[in-house]
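One file, final-v3.txt, carrying compact mmCIF, C-alpha atoms:
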# COMPACT_ATOMS: atom_id res chain seq x y z
CA MET T 103 114.09 -23.50 324.18
CA ALA T 104 117.01 -22.85 321.80
CA SER T 105 118.70 -25.86 320.34
CA VAL T 106 122.41 -26.49 321.02
CA PRO T 107 124.59 -27.10 317.96
CA LEU T 108 126.06 -30.58 317.89
CA THR T 109 129.86 -30.96 317.64
CA THR T 110 131.57 -33.80 315.86
CA GLY T 111 134.77 -33.77 317.86
CA ALA T 112 136.79 -33.34 314.64
CA PRO T 113 140.14 -31.48 314.87
CA THR T 114 139.90 -27.74 314.51
CA ALA T 115 140.92 -26.15 311.23
CA PRO T 116 143.97 -24.40 312.76
CA GLY T 117 145.24 -27.73 314.09
CA ARG T 118 144.84 -29.41 310.73
CA THR T 119 146.52 -26.46 309.02
CA ARG T 120 149.54 -26.58 311.34
CA ARG T 121 150.01 -30.30 310.78
CA ARG T 122 149.69 -29.82 307.03
CA ARG T 123 152.29 -27.03 307.09
CA VAL T 124 154.73 -29.15 309.08
CA ALA T 125 154.17 -32.07 306.72
CA SER T 126 154.85 -29.78 303.75
CA TYR T 127 158.17 -28.62 305.18
CA VAL T 128 159.15 -32.20 305.95
CA ALA T 129 158.25 -33.20 302.38
CA LEU T 130 160.64 -30.54 301.06
CA THR T 131 163.54 -32.39 302.70
CA LYS T 132 162.66 -35.67 300.86
CA PRO T 133 162.88 -38.01 303.90
CA ARG T 134 163.15 -41.20 301.82
CA ILE T 135 166.35 -39.94 300.19
CA ILE T 136 167.70 -38.96 303.61
CA GLU T 137 167.06 -42.48 304.93
CA LEU T 138 169.18 -43.94 302.14
CA LEU T 139 172.00 -41.48 302.83
CA LEU T 140 172.05 -42.32 306.53
CA VAL T 141 172.23 -46.04 305.71
CA THR T 142 175.74 -45.38 304.37
CA THR T 143 176.85 -43.15 307.26
CA VAL T 144 176.56 -45.28 310.39
CA PRO T 145 178.23 -48.46 309.06
CA VAL T 146 181.29 -46.44 308.04
CA MET T 147 181.46 -45.15 311.61
CA PHE T 148 181.56 -48.76 312.88
CA LEU T 149 184.35 -49.54 310.43
CA ALA T 150 186.34 -46.44 311.40
CA GLU T 151 185.97 -47.29 315.10
CA GLY T 152 186.70 -50.97 314.58
CA GLY T 153 183.66 -51.66 316.75
CA VAL T 154 180.73 -49.73 318.19
CA PRO T 155 181.28 -45.94 318.27
CA SER T 156 179.88 -43.72 320.99
CA ILE T 157 176.09 -43.77 320.83
CA TRP T 158 176.11 -40.02 321.39
CA LEU T 159 178.46 -39.54 318.43
CA ILE T 160 176.24 -41.71 316.21
CA ALA T 161 173.15 -39.73 317.22
CA ALA T 162 174.92 -36.39 316.72
CA THR T 163 176.21 -37.41 313.28
CA LEU T 164 172.80 -38.69 312.20
CA LEU T 165 171.11 -35.48 313.30
CA GLY T 166 173.68 -33.35 311.53
CA GLY T 167 173.41 -35.50 308.41
CA THR T 168 169.63 -35.30 308.43
CA LEU T 169 169.68 -31.50 308.68
CA SER T 170 172.37 -31.21 306.01
CA ALA T 171 170.62 -33.51 303.52
CA GLY T 172 167.32 -31.78 304.26
CA ALA T 173 168.89 -28.44 303.36
CA ALA T 174 170.28 -29.76 300.06
CA ASN T 175 166.97 -31.39 299.11
CA THR T 176 165.02 -28.23 299.96
CA PHE T 177 167.26 -26.10 297.74
CA ASN T 178 166.68 -28.70 295.02
CA SER T 179 162.90 -28.49 295.53
CA VAL T 180 163.00 -24.71 295.12
CA TYR T 181 165.09 -24.70 291.96
CA ASP T 182 163.23 -27.60 290.32
CA ARG T 183 159.72 -26.37 291.05
CA ASP T 184 159.14 -25.53 287.37
CA ILE T 185 159.98 -28.98 286.06
CA ASP T 186 158.33 -30.70 289.04
CA ARG T 187 155.09 -29.08 287.88
CA LEU T 188 155.41 -30.81 284.51
CA MET T 189 156.17 -34.29 285.84
CA HIS T 190 153.37 -36.52 287.06
CA ARG T 191 155.63 -38.16 289.68
CA THR T 192 156.46 -34.80 291.31
CA SER T 193 153.36 -32.70 290.62
CA ASN T 194 152.14 -32.91 294.24
CA ARG T 195 155.29 -31.54 295.85
CA PRO T 196 154.76 -28.54 298.19
CA MET T 197 156.55 -26.06 295.91
CA VAL T 198 154.22 -27.02 293.06
CA THR T 199 150.98 -26.94 295.04
CA GLY T 200 151.91 -23.63 296.67
CA GLU T 201 151.71 -24.97 300.22
CA VAL T 202 155.16 -23.46 300.79
CA THR T 203 156.25 -20.26 299.08
CA THR T 204 159.64 -19.80 297.42
CA ARG T 205 160.75 -17.34 300.09
CA GLU T 206 159.67 -19.64 302.91
CA ALA T 207 161.48 -22.61 301.37
CA LEU T 208 164.69 -20.62 300.82
CA VAL T 209 164.65 -19.40 304.41
CA PHE T 210 164.03 -22.95 305.63
CA ALA T 211 166.89 -24.36 303.51
CA SER T 212 169.24 -21.60 304.66
CA VAL T 213 168.42 -22.20 308.31
CA LEU T 214 168.99 -25.94 307.90
CA THR T 215 172.35 -25.23 306.25
CA VAL T 216 173.54 -22.95 309.02
CA VAL T 217 172.27 -25.17 311.84
CA SER T 218 173.69 -28.39 310.35
CA THR T 219 177.10 -26.79 309.75
CA LEU T 220 177.28 -25.32 313.26
CA TRP T 221 176.05 -28.58 314.77
CA PHE T 222 178.78 -30.59 313.06
CA ALA T 223 181.45 -28.03 313.93
CA LEU T 224 180.50 -27.68 317.60
CA VAL T 225 179.33 -31.20 318.44
CA VAL T 226 181.16 -33.53 316.03
CA ASN T 227 184.22 -31.84 314.51
CA VAL T 228 185.14 -29.06 312.10
CA PHE T 229 186.29 -31.37 309.30
CA SER T 230 182.90 -33.10 309.25
CA ALA T 231 181.24 -29.66 309.14
CA VAL T 232 183.29 -28.74 306.06
CA LEU T 233 182.38 -32.01 304.34
CA SER T 234 178.71 -31.50 305.19
CA LEU T 235 178.70 -27.97 303.74
CA LEU T 236 180.51 -29.24 300.64
CA ALA T 237 177.85 -31.95 300.18
CA ILE T 238 175.09 -29.31 300.24
CA ALA T 239 176.92 -27.19 297.66
CA LEU T 240 177.62 -30.17 295.40
CA TYR T 241 173.95 -31.18 295.33
CA ALA T 242 172.25 -27.79 295.34
CA VAL T 243 174.63 -26.07 292.93
CA GLY T 244 176.72 -28.73 291.19
CA TYR T 245 173.93 -31.19 290.39
CA THR T 246 170.70 -29.19 290.57
CA MET T 247 171.77 -25.91 288.96
CA LEU T 248 174.71 -26.82 286.72
CA LEU T 249 174.35 -30.44 285.58
CA LYS T 250 170.79 -31.73 285.76
CA ARG T 251 169.39 -29.73 282.83
CA ARG T 252 172.55 -29.65 280.72
CA THR T 253 173.98 -33.16 280.31
CA SER T 254 172.86 -36.77 280.16
CA GLN T 255 175.74 -37.55 282.53
CA ASN T 256 174.09 -35.37 285.19
CA ILE T 257 173.46 -38.16 287.68
CA VAL T 258 177.01 -39.53 287.29
CA TRP T 259 178.86 -36.40 288.42
CA GLY T 260 175.97 -34.95 290.37
CA GLY T 261 175.87 -38.18 292.34
CA ILE T 262 179.12 -37.21 294.09
CA ALA T 263 177.01 -35.38 296.67
CA GLY T 264 175.33 -38.65 297.58
CA CYS T 265 178.75 -40.24 298.18
CA MET T 266 179.73 -37.70 300.85
CA PRO T 267 178.07 -39.50 303.83
CA THR T 268 180.77 -42.19 303.60
CA LEU T 269 183.45 -39.55 304.17
CA ILE T 270 181.41 -37.76 306.84
CA GLY T 271 180.84 -40.98 308.77
CA TRP T 272 184.55 -41.77 308.79
CA SER T 273 185.60 -38.22 309.68
CA ALA T 274 183.07 -38.06 312.53
CA VAL T 275 185.01 -40.85 314.26
CA THR T 276 188.58 -40.08 313.22
CA GLY T 277 188.64 -36.40 312.21
CA THR T 278 190.25 -37.48 308.92
CA VAL T 279 189.40 -39.39 305.72
CA GLY T 280 190.98 -42.85 305.38
CA TRP T 281 191.35 -45.12 302.37
CA PRO T 282 188.47 -47.42 303.39
CA ALA T 283 186.15 -44.39 303.33
CA VAL T 284 187.46 -43.45 299.89
CA VAL T 285 186.77 -46.96 298.58
CA LEU T 286 183.20 -46.85 299.92
CA PHE T 287 182.82 -43.36 298.43
CA LEU T 288 183.69 -44.88 295.04
CA VAL T 289 181.28 -47.79 295.59
CA ILE T 290 178.42 -45.31 295.97
CA PHE T 291 179.73 -43.26 293.03
CA PHE T 292 179.59 -46.27 290.70
CA TRP T 293 176.32 -47.50 292.28
CA THR T 294 174.42 -44.26 291.60
CA PRO T 295 173.98 -44.62 287.78
CA PRO T 296 172.67 -48.23 287.83
CA HIS T 297 170.47 -47.19 290.76
CA TYR T 298 168.99 -44.05 289.18
CA TRP T 299 168.91 -44.82 285.45
CA PRO T 300 166.36 -47.65 285.84
CA LEU T 301 164.09 -45.17 287.65
CA SER T 302 164.65 -42.70 284.80
CA MET T 303 163.73 -45.44 282.32
CA ALA T 304 160.47 -46.08 284.16
CA PHE T 305 159.62 -42.36 284.17
CA ARG T 306 161.17 -41.53 280.81
CA GLU T 307 158.10 -39.67 279.53
CA ASP T 308 158.05 -37.48 282.63
CA TYR T 309 161.66 -36.41 282.11
CA ALA T 310 161.10 -35.93 278.38
CA THR T 311 158.09 -33.70 279.04
CA ALA T 312 160.14 -31.59 281.45
CA GLU T 313 163.06 -31.56 278.96
CA VAL T 314 165.48 -33.01 281.50
CA PRO T 315 168.22 -34.83 279.52
CA MET T 316 168.44 -37.97 281.62
CA LEU T 317 170.35 -40.70 279.78
CA PRO T 318 167.20 -42.80 279.10
CA VAL T 319 165.66 -39.73 277.41
CA GLU T 320 168.70 -39.14 275.22
CA ARG T 321 169.63 -42.74 274.40
CA GLU T 322 167.86 -45.95 273.44
CA PRO T 323 167.24 -48.65 276.11
CA VAL T 324 170.02 -50.87 274.71
CA ALA T 325 172.62 -48.12 275.15
CA VAL T 326 171.36 -47.32 278.64
CA GLY T 327 171.40 -51.00 279.58
CA ARG T 328 174.97 -51.31 278.33
CA GLN T 329 176.11 -48.47 280.57
CA ILE T 330 174.17 -49.87 283.53
CA VAL T 331 176.00 -53.20 283.10
CA ALA T 332 179.39 -51.46 282.85
CA TYR T 333 178.87 -49.37 285.98
CA SER T 334 177.53 -52.41 287.84
CA TRP T 335 180.67 -54.45 287.14
CA VAL T 336 182.94 -51.60 288.23
CA MET T 337 180.82 -51.10 291.37
CA VAL T 338 181.07 -54.76 292.39
CA ALA T 339 184.82 -54.82 291.67
CA THR T 340 185.31 -51.67 293.75
CA SER T 341 183.35 -53.16 296.65
CA LEU T 342 185.86 -56.03 296.73
CA VAL T 343 188.79 -53.62 296.87
CA LEU T 344 187.70 -52.87 300.43
CA VAL T 345 188.64 -56.42 301.48
CA PRO T 346 192.43 -55.85 301.39
CA VAL T 347 192.26 -52.12 302.12
CA ALA T 348 190.27 -52.21 305.39
CA PRO T 349 190.96 -55.20 305.77
CA MET T 350 187.61 -56.97 305.85
CA GLY T 351 186.74 -60.52 306.91
CA TRP T 352 184.42 -63.23 305.66
CA VAL T 353 181.17 -61.50 306.70
CA TYR T 354 181.73 -58.54 304.38
CA THR T 355 183.45 -60.53 301.63
CA ALA T 356 180.67 -63.11 301.33
CA THR T 357 177.99 -60.39 301.37
CA ALA T 358 179.80 -58.31 298.74
CA VAL T 359 180.20 -61.31 296.43
CA LEU T 360 176.66 -62.69 296.76
CA ALA T 361 174.81 -59.36 296.76
CA GLY T 362 177.02 -58.12 293.93
CA ALA T 363 176.35 -61.24 291.86
CA LEU T 364 172.59 -60.71 292.19
CA PHE T 365 173.04 -57.06 291.17
CA LEU T 366 174.92 -58.15 288.05
CA VAL T 367 172.22 -60.70 287.20
CA GLU T 368 169.55 -57.98 287.35
CA ALA T 369 171.66 -55.53 285.34
CA HIS T 370 172.29 -58.09 282.60
CA ARG T 371 168.61 -59.12 282.63
CA LEU T 372 167.62 -55.51 281.89
CA HIS T 373 170.22 -55.16 279.15
CA LEU T 374 169.30 -58.45 277.48
CA ALA T 375 165.61 -57.54 277.51
CA ALA T 376 166.45 -54.25 275.80
CA ARG T 377 168.55 -56.09 273.19
CA ARG T 378 165.57 -58.31 272.43
CA GLY T 379 163.58 -55.19 271.58
CA VAL T 380 161.55 -54.99 274.79
CA THR T 381 160.61 -51.40 275.66
CA GLY T 382 158.62 -49.41 278.20
CA ALA T 383 157.12 -51.06 281.26
CA ALA T 384 157.85 -54.53 279.86
CA LEU T 385 161.54 -53.91 280.57
CA ARG T 386 160.68 -53.88 284.29
CA PRO T 387 163.47 -51.42 285.15
CA MET T 388 162.05 -50.87 288.63
CA ARG T 389 163.17 -54.40 289.57
CA LEU T 390 166.77 -53.26 289.38
CA PHE T 391 165.95 -49.93 291.05
CA HIS T 392 164.40 -51.64 294.07
CA TYR T 393 167.12 -54.26 294.28
CA SER T 394 169.79 -51.55 294.14
CA ILE T 395 168.42 -50.20 297.43
CA THR T 396 168.47 -53.68 298.94
CA TYR T 397 172.03 -54.14 297.68
CA VAL T 398 173.45 -50.99 299.24
CA THR T 399 171.63 -51.75 302.50
CA LEU T 400 173.05 -55.29 302.69
CA LEU T 401 176.55 -54.20 301.71
CA PHE T 402 176.75 -51.44 304.30
CA LEU T 403 175.15 -53.62 306.96
CA ALA T 404 178.04 -56.01 306.33
CA VAL T 405 180.46 -53.07 306.66
CA ALA T 406 179.06 -52.48 310.16
CA VAL T 407 178.84 -56.11 311.25
CA ASP T 408 182.23 -57.28 309.96
CA PRO T 409 184.28 -55.43 312.61
CA LEU T 410 182.01 -56.87 315.33
CA LEU T 411 182.11 -60.49 314.11
CA HIS T 412 185.43 -60.34 312.32
CA VAL T 413 186.59 -63.63 310.87
CA ALA T 414 189.85 -63.02 309.05
CA ILE T 415 190.42 -64.37 305.55
CA GLY T 416 193.38 -66.73 305.37
File written out as structure tokens:
Amino acid sequence: MASVPLTTGAPTAPGRTRRRRVASYVALTKPRIIELLLVTTVPVMFLAEGGVPSIWLIAATLLGGTLSAGAANTFNSVYDRDIDRLMHRTSNRPMVTGEVTTREALVFASVLTVVSTLWFALVVNVFSAVLSLLAIALYAVGYTMLLKRRTSQNIVWGGIAGCMPTLIGWSAVTGTVGWPAVVLFLVIFFWTPPHYWPLSMAFREDYATAEVPMLPVEREPVAVGRQIVAYSWVMVATSLVLVPVAPMGWVYTATAVLAGALFLVEAHRLHLAARRGVTGAALRPMRLFHYSITYVTLLFLAVAVDPLLHVAIG
């Protein structure tokens, strides 16, 4: 009597392959970056509405923003595949491992661009669609192709693309761009360097190997720390400008002051450590990097909550 082969019940190879392919395409969009961008979009919508916007409008804006940011990040992944191969932190990305080809990634990014632009235009409004398309161009062309490999100020001006969700969130509700949105745009603009430079300090050798002129590669830790402190002070001051412009109440004001003070403490801690001659991992730059994410989350949460629990100042 012939024996019957035993089966393990494990997923078939085609099933595993499909899931791996989907995961690779998702990885191209850099979901963690998208999450941070969306954190700044919804609260601005609450502020523009002066309360809770339409749930449908929030969902539509989030979907459009996700597709738009995914397109920009995919274009970035295609263009940076050569330097990603040289950096330990990025060496497992799909464009490096070959799980997605250049042609496939470009088609994917192009489709996301078209779909996100049409979605905004048809479901949200045309102005938001224009801002979304501009954000893709600023990141994929302005930062990735023109600035990143040419100047140590790359993240400063290239970071403008990351500020666009504040304008998109406001325009989704109003069809225009108001001064409160501009102030929050500037908050993110000044937040980007003290957010990203600590990460660049932690992975300085990676950027040096790939010959990417991030500021921590080009300058000593003391000089980088000095600029981080300067941008941090301007960022906190700009966040307080929103109080009279919006105007905001005690919920936002207290959050901006307390969260900003902690940010300044961390920025000065990093700078003082550098002045004492501390270098490398001992500087603990990732402390400021991680807190910078907490800071922007708390600040924009307060932007959303303040109109709902508004307690006027004075």
What are the closest atom pairs, with distances in Å to one decimal, for each residue of range 175-287 of chain T lying within 6 Å of range 306-318 of chain T, using all atoms listed in the file, rows by chain and rising residue number, as CSV?
residue,atom,partner,partner_atom,distance
T:Ile185,CA,T:Ala312,CA,5.3
T:Leu188,CA,T:Ala312,CA,5.7
T:Met189,CA,T:Asp308,CA,4.9
T:Arg251,CA,T:Val314,CA,5.3
T:Ser254,CA,T:Leu317,CA,4.7
### Message
Just checking: using all atoms listed in the file, which residue out of T:Leu360, T:Ile238, T:Glu201, T:Leu342 ends up closest to Arg121 in chain T?
### Response
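Result for the nearest residue to Arg121 in chain T: T:Glu201.
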#### Entry: Within 8 Å of file point (187.6, -45.2, 305.9), counting only C-alpha atoms, expressed as a ChimeraX atom specification
/T:146,149-150,268-269,272,279-286,348
### Proximity to Ala356 in chain T - best of T:Ala369, T:Ala375, T:Ala414, T:Ala162, only C-alpha atoms
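Distance minimum relative to Ala356 in chain T lands on T:Ala414.
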### Task
Tell me which of T:Val405, T:Ala239, T:Leu233, T:Ala361 sits closest to Ala174 in chain T, counting all atoms listed in the file.
T:Ala239
### Task
Could you check which of T:Ile157, T:Val180, T:Val124, T:Leu372 is closest to Val243 in chain T, using all atoms listed in the file?
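Ranking T:Ile157, T:Val180, T:Val124, T:Leu372 by distance to Val243 in chain T, first place goes to T:Val180.
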### Task
Name all residues at most 6 Å from Ala263 in chain T (count all atoms listed in the file; drop same-chain ones fewer than 5 positions away) and give them as JSON, numbers by chain.
{"T": [237, 240, 241]}
Keeping only C-alpha atoms, write the selected residues to a file as a CSV table (one decimal), keeping the file's coordinate frame.
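File written: out_3.csv
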chain,number,residue,atom,x,y,z
T,237,ALA,CA,177.8,-32.0,300.2
T,240,LEU,CA,177.6,-30.2,295.4
T,241,TYR,CA,174.0,-31.2,295.3
#### Entry: Selection: 12 Å around Gly200 in chain T, all atoms listed in the file, excl. self and same-chain fewer than 6 positions, as a PyMOL selection string
chain T and resi 123+126-127+130+180+183-184+187+193-194+206-207
### Pick from T:Ala274, T:Val343, T:Arg252, T:Val141 nearest to Trp158 in chain T, counting only C-alpha atoms
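Going through T:Ala274, T:Val343, T:Arg252, T:Val141 one by one, the smallest distance to Trp158 in chain T is for T:Ala274.
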### Task
Report the distance between CA of Ile136 in chain T and CA of Pro267 in chain T in Å, rounded to one decimal place.
10.4 Å
Sorted by chain and rising residue number, which residues of range 226-300 of chain T lie within 10 Å of range 381-396 of chain T, and what are their closest atom pairs and distances in Å to one decimal, counting only C-alpha atoms, as a tab-separated table?
residue	atom	partner	partner_atom	distance
T:Trp293	CA	T:Ser394	CA	7.9
T:Thr294	CA	T:Ser394	CA	9.0
T:Pro296	CA	T:Phe391	CA	7.6
T:His297	CA	T:Phe391	CA	5.3
T:Tyr298	CA	T:Phe391	CA	6.9
T:Trp299	CA	T:Phe391	CA	8.1
T:Pro300	CA	T:Pro387	CA	4.8
Given the selection you just returned, output its residues as a file containing C-alpha atoms, formatted as a PDB file, in the coordinates of the input.
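File written: result_29.pdb
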ATOM      1  CA  TRP T 293     176.320 -47.500 292.280  1.00  0.00           C
ATOM      2  CA  THR T 294     174.420 -44.260 291.600  1.00  0.00           C
ATOM      3  CA  PRO T 296     172.670 -48.230 287.830  1.00  0.00           C
ATOM      4  CA  HIS T 297     170.470 -47.190 290.760  1.00  0.00           C
ATOM      5  CA  TYR T 298     168.990 -44.050 289.180  1.00  0.00           C
ATOM      6  CA  TRP T 299     168.910 -44.820 285.450  1.00  0.00           C
ATOM      7  CA  PRO T 300     166.360 -47.650 285.840  1.00  0.00           C
TER       8      PRO T 300
END
### Query
Which residue gives the smallest distance to Ala376 in chain T among T:Ile257, T:Arg328, T:Val359, T:Ser341, with all atoms listed in the file counted?
T:Arg328
Give the padded box for range 319-337 of chain T as lines of an AutoDock Vina configuration file: axis-aligned, covering all atoms listed in the file, 6 Å on each side, centre and edge lengths in Å to one decimal.
center_x = 174.3
center_y = -46.8
center_z = 282.4
size_x = 29.3
size_y = 27.3
size_z = 29.9
